[in-house]
$ cat run-v5.txt   # compact mmCIF, N, CA and C atoms
# COMPACT_ATOMS: atom_id res chain seq x y z
N VAL A 181 7.33 -19.81 -19.64
CA VAL A 181 7.37 -20.16 -18.24
C VAL A 181 7.62 -18.88 -17.45
N ILE A 182 6.85 -18.66 -16.40
CA ILE A 182 6.93 -17.37 -15.70
C ILE A 182 8.23 -17.13 -14.97
N TRP A 183 8.99 -18.17 -14.65
CA TRP A 183 10.21 -17.98 -13.90
C TRP A 183 11.45 -18.00 -14.80
N SER A 184 11.26 -17.86 -16.10
CA SER A 184 12.38 -17.98 -17.02
C SER A 184 13.42 -16.87 -16.87
N CYS A 185 13.06 -15.76 -16.23
CA CYS A 185 14.01 -14.67 -16.06
C CYS A 185 14.95 -14.92 -14.88
N TRP A 186 14.75 -16.00 -14.16
CA TRP A 186 15.57 -16.32 -12.99
C TRP A 186 16.67 -17.28 -13.40
N LYS A 187 17.73 -17.34 -12.60
CA LYS A 187 18.80 -18.28 -12.93
C LYS A 187 18.34 -19.72 -12.73
N THR A 188 19.04 -20.65 -13.34
CA THR A 188 18.69 -22.06 -13.27
C THR A 188 18.97 -22.59 -11.87
N TRP A 189 18.04 -23.37 -11.37
CA TRP A 189 18.20 -23.99 -10.05
C TRP A 189 19.37 -24.94 -10.08
N ASP A 190 20.25 -24.86 -9.08
CA ASP A 190 21.46 -25.69 -9.07
C ASP A 190 21.34 -26.94 -8.21
N GLY A 191 20.14 -27.23 -7.71
CA GLY A 191 19.93 -28.44 -6.94
C GLY A 191 20.07 -28.27 -5.44
N HIS A 192 20.36 -27.07 -4.96
CA HIS A 192 20.50 -26.88 -3.52
C HIS A 192 19.18 -27.17 -2.82
N GLY A 193 19.27 -27.70 -1.61
CA GLY A 193 18.06 -27.99 -0.84
C GLY A 193 17.54 -29.40 -1.01
N VAL A 194 18.32 -30.31 -1.59
CA VAL A 194 17.89 -31.70 -1.76
C VAL A 194 18.49 -32.53 -0.63
N HIS A 195 17.64 -33.28 0.05
CA HIS A 195 18.06 -34.14 1.15
C HIS A 195 17.68 -35.57 0.79
N ALA A 196 18.67 -36.39 0.49
CA ALA A 196 18.41 -37.76 0.05
C ALA A 196 18.89 -38.76 1.09
N ASN A 197 18.08 -39.79 1.29
CA ASN A 197 18.47 -40.93 2.12
C ASN A 197 18.25 -42.16 1.24
N TYR A 198 19.28 -42.53 0.51
CA TYR A 198 19.12 -43.62 -0.45
C TYR A 198 18.89 -44.96 0.24
N CYS A 199 19.39 -45.13 1.48
CA CYS A 199 19.15 -46.38 2.21
C CYS A 199 17.66 -46.54 2.51
N ALA A 200 17.01 -45.43 2.87
CA ALA A 200 15.58 -45.47 3.16
C ALA A 200 14.75 -45.28 1.90
N GLY A 201 15.40 -44.92 0.80
CA GLY A 201 14.68 -44.72 -0.45
C GLY A 201 13.85 -43.45 -0.47
N SER A 202 14.32 -42.42 0.23
CA SER A 202 13.54 -41.19 0.27
C SER A 202 14.38 -39.98 -0.12
N VAL A 203 13.70 -39.03 -0.73
CA VAL A 203 14.31 -37.76 -1.09
C VAL A 203 13.32 -36.67 -0.71
N VAL A 204 13.81 -35.65 -0.04
CA VAL A 204 12.99 -34.48 0.27
C VAL A 204 13.63 -33.29 -0.41
N VAL A 205 12.85 -32.57 -1.18
CA VAL A 205 13.32 -31.35 -1.82
C VAL A 205 12.50 -30.22 -1.23
N HIS A 206 13.15 -29.29 -0.56
CA HIS A 206 12.47 -28.14 0.01
C HIS A 206 12.92 -26.90 -0.75
N ARG A 207 11.97 -26.22 -1.37
CA ARG A 207 12.29 -25.01 -2.11
C ARG A 207 11.26 -23.94 -1.84
N SER A 208 11.72 -22.80 -1.45
CA SER A 208 10.86 -21.63 -1.43
C SER A 208 10.89 -21.06 -2.84
N LEU A 209 9.84 -20.36 -3.20
CA LEU A 209 9.79 -19.75 -4.53
C LEU A 209 9.70 -18.24 -4.38
N PRO A 210 10.64 -17.47 -4.89
CA PRO A 210 11.95 -17.90 -5.38
C PRO A 210 12.89 -18.13 -4.21
N HIS A 211 14.02 -18.74 -4.48
CA HIS A 211 15.03 -18.96 -3.45
C HIS A 211 16.41 -18.83 -4.08
N GLY A 212 17.24 -18.03 -3.48
CA GLY A 212 18.60 -17.88 -3.98
C GLY A 212 18.67 -17.34 -5.40
N GLY A 213 17.72 -16.49 -5.76
CA GLY A 213 17.72 -15.90 -7.10
C GLY A 213 17.23 -16.82 -8.19
N CYS A 214 16.59 -17.92 -7.80
CA CYS A 214 16.09 -18.83 -8.84
C CYS A 214 14.73 -19.40 -8.46
N PHE A 215 14.02 -19.84 -9.46
CA PHE A 215 12.79 -20.59 -9.29
C PHE A 215 13.09 -22.02 -9.72
N ALA A 216 12.96 -22.95 -8.79
CA ALA A 216 13.13 -24.35 -9.16
C ALA A 216 11.91 -24.79 -9.96
N ASP A 217 12.12 -25.54 -11.03
CA ASP A 217 11.01 -26.04 -11.85
C ASP A 217 10.55 -27.37 -11.25
N VAL A 218 9.41 -27.35 -10.58
CA VAL A 218 8.92 -28.52 -9.86
C VAL A 218 8.69 -29.68 -10.82
N ARG A 219 8.23 -29.40 -12.02
CA ARG A 219 8.01 -30.48 -12.98
C ARG A 219 9.32 -31.19 -13.33
N ASP A 220 10.40 -30.43 -13.49
CA ASP A 220 11.70 -31.04 -13.76
C ASP A 220 12.19 -31.86 -12.57
N ILE A 221 11.94 -31.36 -11.36
CA ILE A 221 12.35 -32.10 -10.17
C ILE A 221 11.61 -33.42 -10.09
N VAL A 222 10.29 -33.39 -10.29
CA VAL A 222 9.48 -34.62 -10.24
C VAL A 222 9.95 -35.60 -11.31
N GLU A 223 10.20 -35.10 -12.51
CA GLU A 223 10.67 -35.97 -13.59
C GLU A 223 12.02 -36.60 -13.23
N GLY A 224 12.93 -35.82 -12.68
CA GLY A 224 14.23 -36.35 -12.28
C GLY A 224 14.12 -37.40 -11.19
N LEU A 225 13.22 -37.18 -10.24
CA LEU A 225 13.00 -38.17 -9.18
C LEU A 225 12.45 -39.46 -9.76
N ARG A 226 11.48 -39.33 -10.65
CA ARG A 226 10.90 -40.53 -11.27
C ARG A 226 11.94 -41.28 -12.09
N ASP A 227 12.76 -40.52 -12.84
CA ASP A 227 13.82 -41.15 -13.64
C ASP A 227 14.81 -41.90 -12.76
N SER A 228 14.94 -41.48 -11.50
CA SER A 228 15.85 -42.13 -10.55
C SER A 228 15.17 -43.23 -9.75
N GLY A 229 13.90 -43.51 -10.06
CA GLY A 229 13.19 -44.61 -9.42
C GLY A 229 12.38 -44.25 -8.19
N PHE A 230 12.21 -42.97 -7.92
CA PHE A 230 11.44 -42.54 -6.76
C PHE A 230 10.01 -42.21 -7.15
N ALA A 231 9.07 -42.48 -6.24
CA ALA A 231 7.71 -41.98 -6.39
C ALA A 231 7.74 -40.53 -5.90
N ALA A 232 6.84 -39.71 -6.38
CA ALA A 232 6.86 -38.30 -5.99
C ALA A 232 5.48 -37.84 -5.54
N SER A 233 5.48 -37.06 -4.49
CA SER A 233 4.31 -36.32 -4.04
C SER A 233 4.77 -34.89 -3.81
N ILE A 234 3.87 -33.96 -3.97
CA ILE A 234 4.20 -32.55 -3.81
C ILE A 234 3.41 -32.01 -2.63
N ILE A 235 4.11 -31.37 -1.71
CA ILE A 235 3.45 -30.67 -0.61
C ILE A 235 3.62 -29.18 -0.88
N VAL A 236 2.51 -28.51 -1.12
CA VAL A 236 2.54 -27.06 -1.30
C VAL A 236 2.25 -26.46 0.07
N ALA A 237 3.31 -25.95 0.71
CA ALA A 237 3.17 -25.36 2.04
C ALA A 237 2.86 -23.88 1.89
N THR A 238 1.75 -23.47 2.45
CA THR A 238 1.31 -22.09 2.28
C THR A 238 1.36 -21.33 3.60
N ARG A 239 1.44 -20.04 3.48
CA ARG A 239 1.37 -19.12 4.61
C ARG A 239 0.35 -18.06 4.27
N ASP A 240 -0.14 -17.38 5.28
CA ASP A 240 -0.96 -16.20 5.05
C ASP A 240 -0.13 -15.25 4.19
N PRO A 241 -0.66 -14.79 3.04
CA PRO A 241 0.15 -13.96 2.14
C PRO A 241 0.70 -12.69 2.81
N GLY A 242 -0.07 -12.06 3.67
CA GLY A 242 0.42 -10.86 4.34
C GLY A 242 1.58 -11.15 5.28
N ALA A 243 1.44 -12.21 6.06
CA ALA A 243 2.51 -12.59 6.98
C ALA A 243 3.75 -13.02 6.19
N SER A 244 3.54 -13.74 5.12
CA SER A 244 4.65 -14.20 4.30
C SER A 244 5.40 -13.02 3.68
N LEU A 245 4.67 -12.04 3.18
CA LEU A 245 5.30 -10.88 2.57
C LEU A 245 6.09 -10.07 3.61
N ARG A 246 5.53 -9.90 4.79
CA ARG A 246 6.26 -9.17 5.84
C ARG A 246 7.57 -9.88 6.19
N THR A 247 7.52 -11.19 6.33
CA THR A 247 8.73 -11.96 6.64
C THR A 247 9.74 -11.85 5.51
N LYS A 248 9.26 -11.94 4.29
CA LYS A 248 10.14 -11.84 3.12
C LYS A 248 10.87 -10.50 3.12
N ILE A 249 10.15 -9.43 3.39
CA ILE A 249 10.75 -8.10 3.40
C ILE A 249 11.76 -7.96 4.54
N GLN A 250 11.45 -8.53 5.69
CA GLN A 250 12.34 -8.43 6.84
C GLN A 250 13.61 -9.26 6.67
N ARG A 251 13.50 -10.43 6.02
CA ARG A 251 14.63 -11.37 6.03
C ARG A 251 15.30 -11.62 4.69
N HIS A 252 14.57 -11.44 3.58
CA HIS A 252 15.13 -11.90 2.31
C HIS A 252 15.18 -10.85 1.22
N GLN A 253 14.20 -10.00 1.13
CA GLN A 253 14.13 -9.04 0.03
C GLN A 253 13.68 -7.70 0.61
N ARG A 254 14.64 -6.84 0.90
CA ARG A 254 14.34 -5.57 1.57
C ARG A 254 13.51 -4.61 0.72
N ASP A 255 13.59 -4.75 -0.59
CA ASP A 255 12.81 -3.89 -1.49
C ASP A 255 11.37 -4.41 -1.51
N ALA A 256 10.45 -3.63 -0.91
CA ALA A 256 9.06 -4.08 -0.76
C ALA A 256 8.39 -4.32 -2.11
N ASN A 257 8.67 -3.49 -3.10
CA ASN A 257 8.05 -3.69 -4.42
C ASN A 257 8.57 -4.96 -5.08
N ALA A 258 9.87 -5.20 -4.98
CA ALA A 258 10.45 -6.42 -5.55
C ALA A 258 9.90 -7.64 -4.80
N ALA A 259 9.78 -7.54 -3.48
CA ALA A 259 9.24 -8.65 -2.69
C ALA A 259 7.81 -8.98 -3.11
N ALA A 260 7.00 -7.95 -3.31
CA ALA A 260 5.61 -8.16 -3.74
C ALA A 260 5.57 -8.78 -5.13
N ASP A 261 6.44 -8.33 -6.04
CA ASP A 261 6.49 -8.91 -7.39
C ASP A 261 6.91 -10.37 -7.34
N GLU A 262 7.93 -10.68 -6.51
CA GLU A 262 8.38 -12.06 -6.38
C GLU A 262 7.29 -12.94 -5.79
N GLN A 263 6.57 -12.41 -4.81
CA GLN A 263 5.48 -13.18 -4.21
C GLN A 263 4.38 -13.46 -5.23
N ALA A 264 4.06 -12.47 -6.05
CA ALA A 264 3.04 -12.66 -7.08
C ALA A 264 3.47 -13.75 -8.07
N LEU A 265 4.75 -13.75 -8.46
CA LEU A 265 5.26 -14.79 -9.36
C LEU A 265 5.17 -16.17 -8.69
N ALA A 266 5.54 -16.22 -7.42
CA ALA A 266 5.50 -17.49 -6.70
C ALA A 266 4.07 -18.02 -6.58
N LEU A 267 3.13 -17.15 -6.24
CA LEU A 267 1.74 -17.59 -6.12
C LEU A 267 1.18 -18.04 -7.46
N ALA A 268 1.56 -17.35 -8.54
CA ALA A 268 1.12 -17.77 -9.88
C ALA A 268 1.71 -19.14 -10.23
N ALA A 269 3.00 -19.35 -9.89
CA ALA A 269 3.63 -20.64 -10.16
C ALA A 269 2.96 -21.76 -9.38
N LEU A 270 2.64 -21.50 -8.11
CA LEU A 270 1.97 -22.51 -7.29
C LEU A 270 0.57 -22.79 -7.80
N ALA A 271 -0.16 -21.76 -8.20
CA ALA A 271 -1.51 -21.96 -8.74
C ALA A 271 -1.44 -22.80 -10.02
N GLU A 272 -0.47 -22.53 -10.86
CA GLU A 272 -0.28 -23.30 -12.09
C GLU A 272 0.06 -24.75 -11.77
N LEU A 273 0.91 -24.96 -10.77
CA LEU A 273 1.30 -26.30 -10.37
C LEU A 273 0.11 -27.08 -9.82
N VAL A 274 -0.68 -26.46 -8.97
CA VAL A 274 -1.83 -27.14 -8.37
C VAL A 274 -2.90 -27.43 -9.42
N ALA A 275 -3.04 -26.54 -10.40
CA ALA A 275 -4.06 -26.73 -11.45
C ALA A 275 -3.72 -27.90 -12.38
N ALA A 276 -2.43 -28.12 -12.61
CA ALA A 276 -2.00 -29.20 -13.50
C ALA A 276 -0.77 -29.88 -12.91
N PRO A 277 -0.95 -30.65 -11.84
CA PRO A 277 0.21 -31.20 -11.13
C PRO A 277 0.84 -32.39 -11.85
N PRO A 278 2.18 -32.49 -11.75
CA PRO A 278 2.87 -33.64 -12.33
C PRO A 278 2.90 -34.84 -11.38
N ALA A 279 2.38 -34.66 -10.17
CA ALA A 279 2.34 -35.70 -9.15
C ALA A 279 1.24 -35.34 -8.17
N PRO A 280 0.82 -36.28 -7.31
CA PRO A 280 -0.20 -35.94 -6.32
C PRO A 280 0.23 -34.74 -5.48
N VAL A 281 -0.73 -33.86 -5.20
CA VAL A 281 -0.46 -32.63 -4.45
C VAL A 281 -1.26 -32.62 -3.15
N VAL A 282 -0.58 -32.22 -2.08
CA VAL A 282 -1.21 -31.97 -0.80
C VAL A 282 -0.93 -30.51 -0.47
N ILE A 283 -1.96 -29.77 -0.09
CA ILE A 283 -1.76 -28.37 0.28
C ILE A 283 -1.72 -28.29 1.80
N TRP A 284 -0.65 -27.70 2.31
CA TRP A 284 -0.40 -27.62 3.75
C TRP A 284 -0.43 -26.16 4.16
N SER A 285 -1.23 -25.83 5.15
CA SER A 285 -1.32 -24.47 5.66
C SER A 285 -0.58 -24.36 6.98
N TYR A 286 0.43 -23.51 7.00
CA TYR A 286 1.20 -23.30 8.22
C TYR A 286 0.31 -22.82 9.36
N GLU A 287 -0.53 -21.84 9.10
CA GLU A 287 -1.41 -21.30 10.14
C GLU A 287 -2.39 -22.36 10.65
N ALA A 288 -2.94 -23.18 9.75
CA ALA A 288 -3.85 -24.23 10.19
C ALA A 288 -3.12 -25.27 11.04
N SER A 289 -1.88 -25.56 10.70
CA SER A 289 -1.14 -26.53 11.50
C SER A 289 -0.88 -25.99 12.91
N LEU A 290 -0.63 -24.70 13.04
CA LEU A 290 -0.45 -24.11 14.36
C LEU A 290 -1.75 -24.15 15.16
N ALA A 291 -2.85 -23.86 14.49
CA ALA A 291 -4.14 -23.79 15.18
C ALA A 291 -4.67 -25.17 15.56
N LEU A 292 -4.47 -26.18 14.70
CA LEU A 292 -5.10 -27.48 14.90
C LEU A 292 -4.14 -28.56 15.42
N GLY A 293 -2.85 -28.31 15.36
CA GLY A 293 -1.87 -29.23 15.92
C GLY A 293 -1.86 -30.61 15.30
N ASP A 294 -1.80 -31.63 16.17
CA ASP A 294 -1.65 -33.01 15.73
C ASP A 294 -2.78 -33.49 14.80
N ALA A 295 -3.98 -32.98 15.02
CA ALA A 295 -5.10 -33.38 14.16
C ALA A 295 -4.83 -32.99 12.71
N TYR A 296 -4.25 -31.82 12.53
CA TYR A 296 -3.93 -31.36 11.17
C TYR A 296 -2.74 -32.13 10.60
N VAL A 297 -1.72 -32.36 11.42
CA VAL A 297 -0.56 -33.12 10.98
C VAL A 297 -0.99 -34.51 10.53
N GLY A 298 -1.96 -35.11 11.23
CA GLY A 298 -2.47 -36.42 10.85
C GLY A 298 -3.04 -36.44 9.44
N THR A 299 -3.68 -35.36 9.02
CA THR A 299 -4.23 -35.33 7.66
C THR A 299 -3.12 -35.35 6.62
N LEU A 300 -2.01 -34.69 6.92
CA LEU A 300 -0.87 -34.70 5.99
C LEU A 300 -0.27 -36.10 5.91
N LEU A 301 -0.06 -36.72 7.06
CA LEU A 301 0.50 -38.07 7.07
C LEU A 301 -0.41 -39.04 6.33
N ASP A 302 -1.72 -38.93 6.56
CA ASP A 302 -2.68 -39.79 5.84
C ASP A 302 -2.57 -39.58 4.33
N ALA A 303 -2.52 -38.32 3.91
CA ALA A 303 -2.47 -38.02 2.48
C ALA A 303 -1.20 -38.57 1.83
N LEU A 304 -0.13 -38.65 2.59
CA LEU A 304 1.14 -39.15 2.06
C LEU A 304 1.32 -40.65 2.30
N GLY A 305 0.35 -41.27 2.96
CA GLY A 305 0.43 -42.69 3.24
C GLY A 305 1.50 -43.04 4.25
N LEU A 306 1.74 -42.13 5.18
CA LEU A 306 2.76 -42.34 6.22
C LEU A 306 2.10 -42.64 7.55
N PRO A 307 2.78 -43.40 8.41
CA PRO A 307 2.18 -43.71 9.72
C PRO A 307 2.15 -42.49 10.63
N ALA A 308 1.15 -42.45 11.49
CA ALA A 308 1.02 -41.33 12.43
C ALA A 308 1.94 -41.49 13.60

$ encode --input "run-v5.txt" --output "structure tokens"
Amino acid sequence: VIWSCWKTWDGHGVHANYCAGSVVVHRSLPHGGCFADVRDIVEGLRDSGFAASIIVATRDPGASLRTKIQRHQRDANAAADEQALALAALAELVAAPPAPVVIWSYEASLALGDAYVGTLLDALGLPA
């Protein structure tokens, strides 16, 4: 597994509403010195009785790398290496997903607005 050199994800970033029967897990890759294993998260959700869908939220790689260097990883070489690992992990996830996957583009959502948001809601079976 490509992220095996990172520490184990401790579950941070999970937002559960058990009354509504929903759980949202938001993880950047990497985040907090770890790579969360999406397959393990999906399996844990299913074991707890939840259905799972995966939203892969993407950014323009250049813009993402600049932001990463400015805010999270000041070492440009380390930031580029981490981004390469993250993109490889996402490509692997999309190629063999453990649950339905929707790919969301941040830039497209800014450009297209509500029309683009509607496609995400439709894909997730949520009302507009």

$ atom_distance --input "run-v5.txt" --atom1 "atom C of A:Ala279" --atom2 "atom C of A:Ile235"
9.8 Å

$ residues_around --input "run-v5.txt" --residues "stretch 240-256 of chain A" --least-positions-apart "5" --cutoff "9 Å" --atoms "only C-alpha atoms" --output "ChimeraX atom specification"
/A:261,263,285-287

$ atom_distance --input "run-v5.txt" --atom1 "atom N of A:Ala308" --atom2 "atom C of A:Ile283"
17.4 Å

$ select_by_dssp --input "run-v5.txt" --residues "stretch 202-248 of chain A" --states "strand (DSSP E)" --output "list in words"
Ser202, Val203, Val204, Val205, Ile234, Ile235, Val236, Ala237 and Thr238 of chain A

$ atom_distance --input "run-v5.txt" --atom1 "atom N of A:Ala237" --atom2 "atom N of A:Ala295"
17.5 Å

$ select_by_dssp --input "run-v5.txt" --residues "stretch 233-291 of chain A" --states "alpha helix (DSSP H)" --output "VMD selection string"
chain A and resid 241 to 251 256 to 275 286 to 291

$ closest_residue --input "run-v5.txt" --among "A:Ala232, A:Ala288, A:Ala260, A:Val222" --to "A:Ser202" --atoms "only C-alpha atoms"
A:Ala232

$ axis_aligned_box --input "run-v5.txt" --around "stretch 196-211 of chain A" --padding-each-side "3 Å" --output "lines of an AutoDock Vina configuration file"
center_x = 14.5
center_y = -32.0
center_z = -1.1
size_x = 15.7
size_y = 35.1
size_z = 14.5

$ closest_residue --input "run-v5.txt" --among "A:Val236, A:Leu265, A:Leu300, A:Val218" --to "A:Trp284" --atoms "all atoms listed in the file"
A:Val236

$ closest_residue --input "run-v5.txt" --among "A:Ala276, A:Val281, A:Ile234, A:Ala269" --to "A:His206" --atoms "only C-alpha atoms"
A:Ile234
